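Have a look at my_file.txt below; it lists compact mmCIF, C-alpha atoms and all ligand atoms.
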# COMPACT_ATOMS: atom_id res chain seq x y z
CA MET A 8 -13.01 -45.32 27.71
CA SER A 9 -10.87 -45.08 30.87
CA LYS A 10 -7.41 -46.06 29.58
CA ILE A 11 -5.80 -45.50 26.21
CA LYS A 12 -2.57 -46.36 24.46
CA VAL A 13 -0.97 -43.57 22.48
CA PHE A 14 1.66 -43.83 19.73
CA ALA A 15 3.52 -40.53 19.29
CA PRO A 16 5.90 -40.41 16.32
CA GLY A 17 9.37 -38.93 16.04
CA THR A 18 9.67 -35.83 13.88
CA VAL A 19 12.25 -33.97 11.80
CA ALA A 20 12.03 -30.23 12.44
CA ASN A 21 13.32 -27.45 10.14
CA LEU A 22 13.61 -29.61 7.01
CA VAL A 23 16.92 -27.88 6.25
CA CYS A 24 15.82 -24.42 5.05
CA GLY A 25 12.67 -23.96 7.20
CA PHE A 26 14.20 -23.16 10.60
CA ASP A 27 11.41 -23.15 13.23
CA ILE A 28 8.65 -23.24 10.57
CA LEU A 29 8.67 -26.69 8.90
CA GLY A 30 8.55 -30.23 10.26
CA LEU A 31 7.75 -33.77 9.15
CA ALA A 32 6.50 -36.85 11.04
CA LEU A 33 8.27 -40.23 10.85
CA ASN A 34 6.82 -43.73 10.95
CA GLU A 35 9.74 -44.83 13.08
CA PRO A 36 10.68 -44.43 15.91
CA SER A 37 7.54 -43.84 17.97
CA ASP A 38 7.00 -43.39 21.72
CA ILE A 39 4.23 -45.37 23.42
CA MET A 40 2.23 -43.95 26.31
CA GLU A 41 -0.59 -45.41 28.38
CA VAL A 42 -2.82 -42.70 29.77
CA SER A 43 -5.82 -42.77 32.11
CA LEU A 44 -7.94 -40.25 33.96
CA LEU A 45 -7.74 -39.81 37.74
CA ASP A 46 -10.54 -38.41 39.85
CA GLU A 47 -8.19 -36.24 41.87
CA PRO A 48 -6.22 -33.27 40.54
CA LYS A 49 -2.75 -34.80 40.33
CA VAL A 50 -0.38 -36.20 37.73
CA ILE A 51 1.35 -39.56 38.19
CA ILE A 52 4.19 -40.47 35.83
CA HIS A 53 5.83 -43.90 35.42
CA ASN A 54 8.74 -44.58 33.08
CA ARG A 55 9.01 -47.90 31.27
CA ASP A 56 12.42 -47.38 29.66
CA GLU A 57 16.08 -46.85 30.53
CA TYR A 58 16.23 -43.05 30.14
CA ASN A 59 15.45 -42.10 33.74
CA LEU A 60 13.44 -39.05 32.77
CA PRO A 61 11.95 -37.10 35.66
CA THR A 62 8.73 -38.43 37.22
CA ASP A 63 8.09 -35.04 38.85
CA PRO A 64 5.27 -33.66 36.67
CA GLU A 65 6.80 -30.15 36.75
CA LYS A 66 10.03 -31.51 35.21
CA ASN A 67 8.65 -33.94 32.63
CA VAL A 68 7.25 -32.42 29.44
CA ALA A 69 4.24 -34.77 29.52
CA GLY A 70 3.54 -33.70 33.13
CA VAL A 71 3.74 -30.01 32.28
CA VAL A 72 1.23 -30.52 29.46
CA PHE A 73 -1.21 -32.41 31.73
CA LEU A 74 -0.87 -29.70 34.41
CA SER A 75 -1.61 -26.94 31.88
CA ILE A 76 -4.75 -28.78 30.76
CA MET A 77 -5.85 -29.34 34.39
CA GLU A 78 -5.37 -25.65 35.11
CA LYS A 79 -7.62 -24.85 32.15
CA ILE A 80 -10.46 -27.27 33.03
CA GLY A 81 -10.32 -26.95 36.84
CA GLY A 82 -12.18 -29.48 39.04
CA ASN A 83 -10.89 -32.83 40.25
CA THR A 84 -9.52 -34.36 37.09
CA GLY A 85 -5.96 -35.71 36.95
CA PHE A 86 -3.90 -38.00 34.72
CA GLU A 87 -1.75 -41.09 35.14
CA VAL A 88 0.74 -41.93 32.41
CA THR A 89 3.26 -44.67 31.71
CA ILE A 90 5.85 -43.54 29.18
CA GLU A 91 7.73 -46.06 27.05
CA LYS A 92 10.29 -43.99 25.22
CA HIS A 93 11.72 -45.21 21.93
CA ILE A 94 12.88 -41.77 20.77
CA LYS A 95 16.07 -41.05 22.69
CA PRO A 96 15.95 -37.71 24.56
CA GLY A 97 18.25 -35.12 22.99
CA SER A 98 18.46 -36.98 19.67
CA GLY A 99 17.03 -34.14 17.60
CA ILE A 100 14.13 -36.25 16.34
CA GLY A 101 11.49 -34.79 18.61
CA SER A 102 11.69 -36.86 21.78
CA SER A 103 10.28 -34.12 24.00
CA ALA A 104 7.68 -33.20 21.37
CA ALA A 105 6.42 -36.80 21.23
CA SER A 106 5.78 -36.82 24.98
CA ALA A 107 4.19 -33.37 24.89
CA ALA A 108 2.03 -34.05 21.84
CA GLY A 109 1.10 -37.54 23.06
CA ALA A 110 0.02 -36.13 26.43
CA ALA A 111 -2.05 -33.33 24.90
CA VAL A 112 -3.83 -35.57 22.37
CA ALA A 113 -4.45 -38.29 24.99
CA ALA A 114 -5.86 -35.84 27.55
CA ASN A 115 -8.16 -34.27 24.98
CA HIS A 116 -9.38 -37.70 23.88
CA LEU A 117 -10.08 -38.81 27.46
CA LEU A 118 -11.93 -35.55 28.13
CA GLY A 119 -14.23 -36.11 25.14
CA ASN A 120 -12.36 -33.98 22.58
CA ILE A 121 -13.36 -30.68 24.16
CA PHE A 122 -10.40 -28.79 22.65
CA SER A 123 -9.71 -27.85 19.02
CA THR A 124 -6.56 -29.09 17.26
CA ASP A 125 -4.99 -25.62 17.61
CA GLU A 126 -5.68 -25.69 21.36
CA VAL A 127 -4.15 -29.17 21.63
CA ILE A 128 -1.03 -27.91 19.80
CA GLN A 129 -0.87 -24.96 22.19
CA PHE A 130 -1.08 -27.18 25.30
CA ALA A 131 1.66 -29.38 23.84
CA MET A 132 3.89 -26.35 23.23
CA ASN A 133 4.07 -25.85 27.02
CA GLY A 134 6.10 -29.06 27.08
CA GLU A 135 8.55 -27.74 24.46
CA LYS A 136 8.99 -24.61 26.60
CA LEU A 137 10.17 -26.86 29.44
CA ALA A 138 12.52 -28.90 27.22
CA SER A 139 14.19 -26.10 25.27
CA GLY A 140 13.23 -22.82 26.93
CA VAL A 141 11.15 -21.59 23.99
CA LYS A 142 7.70 -22.47 22.69
CA HIS A 143 7.99 -23.86 19.20
CA ALA A 144 5.70 -26.08 17.15
CA ASP A 145 7.88 -27.44 14.34
CA ASN A 146 8.02 -30.87 16.06
CA ILE A 147 4.67 -30.66 17.87
CA ALA A 148 2.53 -29.85 14.81
CA PRO A 149 3.72 -32.71 12.56
CA CYS A 150 3.67 -35.11 15.54
CA ILE A 151 -0.02 -34.32 16.07
CA LEU A 152 -1.13 -33.78 12.47
CA GLY A 153 1.17 -36.19 10.60
CA GLY A 154 2.83 -35.43 7.26
CA VAL A 155 4.54 -32.08 6.72
CA SER A 156 3.49 -29.04 8.76
CA LEU A 157 4.12 -25.37 8.07
CA ILE A 158 4.07 -23.12 11.13
CA ARG A 159 3.45 -19.71 9.59
CA SER A 160 3.26 -18.12 13.04
CA ILE A 161 3.06 -19.18 16.68
CA HIS A 162 1.75 -15.81 18.00
CA PRO A 163 -1.06 -16.19 16.99
CA LEU A 164 -0.87 -19.88 16.15
CA ASP A 165 -1.22 -20.42 12.39
CA VAL A 166 -0.38 -23.98 11.36
CA THR A 167 -1.21 -25.74 8.12
CA SER A 168 -0.51 -29.17 6.65
CA ILE A 169 1.26 -29.50 3.32
CA PRO A 170 0.68 -32.45 0.99
CA CYS A 171 3.61 -34.81 1.06
CA PRO A 172 4.89 -37.21 -1.61
CA GLU A 173 5.71 -40.84 -0.74
CA LEU A 174 9.25 -40.20 0.42
CA PHE A 175 11.73 -42.39 2.27
CA VAL A 176 13.63 -40.91 5.17
CA THR A 177 17.00 -42.10 6.44
CA VAL A 178 18.09 -40.86 9.86
CA ILE A 179 21.38 -41.39 11.65
CA HIS A 180 21.70 -40.49 15.30
CA PRO A 181 25.39 -40.29 16.20
CA GLN A 182 25.68 -40.89 19.94
CA ILE A 183 27.07 -37.47 20.83
CA GLU A 184 25.43 -34.72 22.84
CA VAL A 185 24.36 -31.45 21.22
CA ARG A 186 22.41 -29.32 23.66
CA THR A 187 19.45 -27.56 22.06
CA SER A 188 20.38 -24.43 24.02
CA ASP A 189 23.98 -24.47 22.63
CA ALA A 190 22.70 -25.13 19.12
CA ARG A 191 20.50 -22.03 19.47
CA GLN A 192 23.07 -19.83 21.18
CA ILE A 193 25.70 -20.10 18.43
CA LEU A 194 23.33 -18.79 15.75
CA ARG A 195 23.98 -15.34 14.30
CA GLN A 196 21.25 -12.82 15.07
CA GLN A 197 21.71 -10.90 11.80
CA VAL A 198 21.18 -12.23 8.30
CA GLN A 199 22.48 -10.72 5.05
CA LEU A 200 19.82 -9.80 2.52
CA LYS A 201 21.40 -11.99 -0.20
CA ASP A 202 21.26 -14.99 2.17
CA ALA A 203 17.67 -14.21 3.14
CA ILE A 204 16.66 -14.09 -0.53
CA ARG A 205 18.32 -17.45 -1.20
CA GLN A 206 16.69 -18.95 1.89
CA TRP A 207 13.14 -17.83 1.14
CA GLY A 208 13.60 -19.04 -2.46
CA ASN A 209 14.48 -22.44 -0.99
CA ILE A 210 11.57 -22.49 1.47
CA ALA A 211 9.09 -21.56 -1.24
CA GLY A 212 10.71 -24.10 -3.58
CA LEU A 213 10.46 -26.84 -0.96
CA VAL A 214 6.79 -26.13 -0.24
CA ALA A 215 6.02 -25.96 -3.98
CA GLY A 216 7.95 -29.22 -4.49
CA PHE A 217 5.87 -30.96 -1.80
CA CYS A 218 2.61 -29.62 -3.25
CA LYS A 219 3.48 -30.50 -6.86
CA ASN A 220 5.15 -33.83 -6.04
CA ASP A 221 8.25 -32.47 -7.80
CA LEU A 222 11.09 -34.46 -6.24
CA ASP A 223 13.84 -32.63 -8.17
CA LEU A 224 12.54 -29.28 -6.91
CA ILE A 225 12.46 -30.70 -3.37
CA GLY A 226 16.07 -31.84 -3.78
CA ARG A 227 17.26 -28.44 -5.10
CA SER A 228 15.45 -26.62 -2.31
CA LEU A 229 16.96 -28.67 0.52
CA GLU A 230 19.67 -26.05 1.00
CA ASP A 231 20.25 -23.89 4.08
CA VAL A 232 22.60 -20.90 3.83
CA ILE A 233 21.77 -19.46 7.27
CA ILE A 234 21.60 -22.06 10.06
CA GLU A 235 23.43 -25.15 8.76
CA PRO A 236 26.83 -23.50 8.08
CA VAL A 237 26.97 -22.45 11.77
CA ARG A 238 25.33 -25.46 13.43
CA SER A 239 26.99 -28.20 11.44
CA ILE A 240 30.32 -27.54 13.18
CA LEU A 241 28.77 -29.18 16.29
CA ILE A 242 28.31 -32.46 14.37
CA PRO A 243 31.53 -34.30 13.44
CA GLY A 244 31.43 -35.79 9.95
CA PHE A 245 28.42 -33.71 8.87
CA ASP A 246 29.82 -32.38 5.56
CA GLU A 247 31.12 -35.80 4.53
CA VAL A 248 27.80 -37.50 5.39
CA LYS A 249 25.88 -34.96 3.35
CA ALA A 250 28.17 -35.09 0.30
CA ASN A 251 28.37 -38.91 0.29
CA CYS A 252 24.60 -39.36 0.74
CA LYS A 253 23.84 -37.02 -2.14
CA ALA A 254 26.36 -38.82 -4.33
CA ALA A 255 24.61 -42.09 -3.36
CA GLY A 256 21.26 -40.77 -4.64
CA ALA A 257 19.61 -38.88 -1.76
CA LEU A 258 17.41 -35.97 -2.82
CA GLY A 259 19.00 -33.99 -0.01
CA GLY A 260 18.82 -33.47 3.72
CA GLY A 261 20.67 -31.99 6.65
CA ILE A 262 20.52 -31.57 10.42
CA SER A 263 17.36 -32.94 12.05
CA GLY A 264 16.05 -30.31 14.45
CA SER A 265 19.01 -28.98 16.39
CA GLY A 266 20.96 -32.21 15.89
CA PRO A 267 22.96 -34.32 16.33
CA SER A 268 20.75 -36.54 14.10
CA ILE A 269 21.13 -36.09 10.36
CA PHE A 270 18.32 -36.98 7.95
CA MET A 271 18.14 -37.54 4.20
CA LEU A 272 15.12 -37.83 1.91
CA SER A 273 15.13 -40.39 -0.92
CA ARG A 274 12.71 -41.29 -3.69
CA ASP A 275 12.68 -45.06 -2.95
CA GLU A 276 13.69 -47.60 -0.35
CA ALA A 277 16.73 -48.85 -2.27
CA ALA A 278 18.19 -45.33 -2.35
CA ALA A 279 17.32 -44.79 1.33
CA LYS A 280 19.23 -47.97 2.25
CA LYS A 281 22.26 -46.93 0.17
CA VAL A 282 22.16 -43.62 2.00
CA GLU A 283 22.07 -45.45 5.33
CA ALA A 284 25.19 -47.44 4.35
CA GLU A 285 27.02 -44.20 3.45
CA MET A 286 26.08 -42.60 6.76
CA LYS A 287 27.29 -45.63 8.70
CA LYS A 288 30.61 -45.68 6.82
CA VAL A 289 31.42 -42.13 7.90
CA TYR A 290 30.73 -42.76 11.60
CA ASP A 291 32.49 -46.15 11.55
CA LYS A 292 35.55 -44.31 10.21
CA ILE A 293 35.33 -41.53 12.82
CA GLY A 294 34.64 -44.06 15.57
CA ILE A 295 31.36 -42.67 16.91
CA ALA A 296 28.56 -45.10 17.80
CA TYR A 297 25.22 -44.45 16.10
CA HIS A 298 21.67 -45.60 15.54
CA THR A 299 19.98 -45.47 12.14
CA TYR A 300 16.39 -45.59 10.87
CA VAL A 301 15.14 -46.13 7.33
CA THR A 302 11.50 -45.14 7.38
CA THR A 303 8.72 -43.28 5.61
CA VAL A 304 6.64 -40.18 6.30
CA ASN A 305 3.94 -40.76 8.93
CA LYS A 306 0.77 -39.32 7.41
CA ASN A 307 -1.51 -39.60 10.46
CA GLY A 308 0.36 -38.27 13.50
CA VAL A 309 -0.42 -39.36 17.08
CA ARG A 310 -2.50 -42.56 17.06
CA ILE A 311 -4.78 -43.75 19.86
CA GLU A 312 -5.85 -47.29 20.75
CA ALA A 313 -8.40 -48.25 23.39
CA LEU A 314 -6.99 -50.37 26.24
CA LYS A 315 -10.06 -51.27 28.31
P1 LIG F 1 14.72 -33.77 21.35
O1 LIG F 1 14.90 -32.88 20.15
O2 LIG F 1 15.27 -35.14 21.11
O3 LIG F 1 13.32 -33.78 21.84
P2 LIG F 1 15.35 -31.86 23.39
O4 LIG F 1 16.71 -31.40 23.79
O5 LIG F 1 14.42 -30.89 22.74
O6 LIG F 1 15.59 -33.17 22.50
O7 LIG F 1 14.55 -32.42 24.67
C1 LIG F 1 15.11 -33.30 25.56
C2 LIG F 1 15.18 -32.66 26.96
O8 LIG F 1 13.88 -32.64 27.56
C3 LIG F 1 16.07 -33.46 27.87
O9 LIG F 1 16.79 -32.55 28.67
C4 LIG F 1 15.09 -34.26 28.72
O10 LIG F 1 15.61 -34.56 30.00
C5 LIG F 1 13.90 -33.31 28.83
N1 LIG F 1 12.63 -34.04 29.04
C6 LIG F 1 11.79 -33.92 30.08
N2 LIG F 1 10.71 -34.73 29.94
C7 LIG F 1 10.90 -35.40 28.78
C8 LIG F 1 10.13 -36.39 28.11
N3 LIG F 1 8.98 -36.86 28.59
N4 LIG F 1 10.61 -36.84 26.94
C9 LIG F 1 11.79 -36.40 26.45
N5 LIG F 1 12.56 -35.47 27.03
C10 LIG F 1 12.11 -34.97 28.20
Spit out the file's structure as structure tokens when you get a sec.
Ligand code: ADP
Amino acid sequence: MSKIKVFAPGTVANLVCGFDILGLALNEPSDIMEVSLLDEPKVIIHNRDEYNLPTDPEKNVAGVVFLSIMEKIGGNTGFEVTIEKHIKPGSGIGSSAASAAGAAVAANHLLGNIFSTDEVIQFAMNGEKLASGVKHADNIAPCILGGVSLIRSIHPLDVTSIPCPELFVTVIHPQIEVRTSDARQILRQQVQLKDAIRQWGNIAGLVAGFCKNDLDLIGRSLEDVIIEPVRSILIPGFDEVKANCKAAGALGGGISGSGPSIFMLSRDEAAAKKVEAEMKKVYDKIGIAYHTYVTTVNKNGVRIEALK
């Protein structure tokens, strides 16, 4: 198989209380990439969208991932990719992770699946290093594995999938810029013990809720006393969106990744659509343009189709 089409889903990292350690894959939006092997050691990138992302392989997360794989395998293999981005860069729903994960999975497939899933995740993390300055896997892992991922550790890599109930996810992406680096810089470096206790109660509660299909426990556990109070000040309307969505029936939710997108989980589609209407109302009132998605959890992660 010389050319493949890859669908790499958007992801919601952190899941409110699980900063840097939890993430979930979405059925919508999804990036599309066409990838083929070259018989010379170079990377060629084409963009088929309006985002003008770099085509220099050293500056595009997909390119960095291909280069890291080429360095590992040596020889005369290279990659050509056409990226059709549907996940807006900087949205907080894993745009860079989709390119990185898509590139790593595609390359491994074209090479005959010579790398393990953990190795593929590690190659993809090189792309996240380029995008945000730090290697993290809370978007990469769910993008590759689907469902909900728990990243217990990245040094050494220890990732596991958690069973996930049939949940609906509403996402609003207000069209404002929140730089991942700013969203990281404003965080406090020290945490009070009472906050830590509340937070690890919530993380454990959320994981237990997913495993036991206990939606009320999931809802109660979607609380973040450490990151959200600091980060949410970067997102106008955040508190109102959250309060109104919960009043409209959302189980709970919060900032997606480092923002500015906000996500909410709901038990059914009707609730998820009511939540979407509440989100829109807040940003219509503030006067900020937005894009919304009402979708479900993607259980399979990056998907590959043969092209020729
Ligand atoms: P998101 O959470 O939406 O992925 P990030 O801030 O983590 O947003 O990543 C977006 C940054 O990565 C932007 O600065 C963008 O220019 C850069 N970038 C480089 N290559 C890509 C790519 N292939 N896809 C998305 N972003 C890329």
Q.
If the limit is 8 Å from any atom of ligand LIG 1 (chain F), counting all atoms listed in the file, which residues qualify? Return them as JSON, numbers by chain.
A. {"A": [60, 61, 66, 67, 68, 69, 70, 90, 92, 94, 95, 96, 97, 98, 99, 100, 101, 102, 103, 104, 105, 106, 107, 134, 135, 137, 138, 139, 186, 187, 188, 264, 265, 266]}
Q. For A:Cys24, which residue out of A:Val232, A:Ile242, A:Val185, A:Leu194 is the nearest one, using only C-alpha atoms?
A.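 Looking only at the distances to A:Cys24, the closest residue turns out to be A:Val232.
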Q.
Can you tell me which residues surround stretch 42-56 of chain A at a distance of at most 9 Å, considering only C-alpha atoms, apart from same-chain residues fewer than 4 positions away, and format the answer as an MDAnalysis selection string?
A. chainID A and resid 8:13 60:64 67 69:70 73:74 77 81:93 110 113:114 117:118
Q. Which one is closest to A:His298: A:Ile179, A:Leu272, A:Val23, A:Ile147? Count only C-alpha atoms.
A.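 Smallest separation from A:His298 among the options: A:Ile179.
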(Q) Measuring between only C-alpha atoms, which one of A:Val127, A:Ile210, A:Leu152, A:Ile161 shows the shortest distance to A:Val112? (A) A:Val127
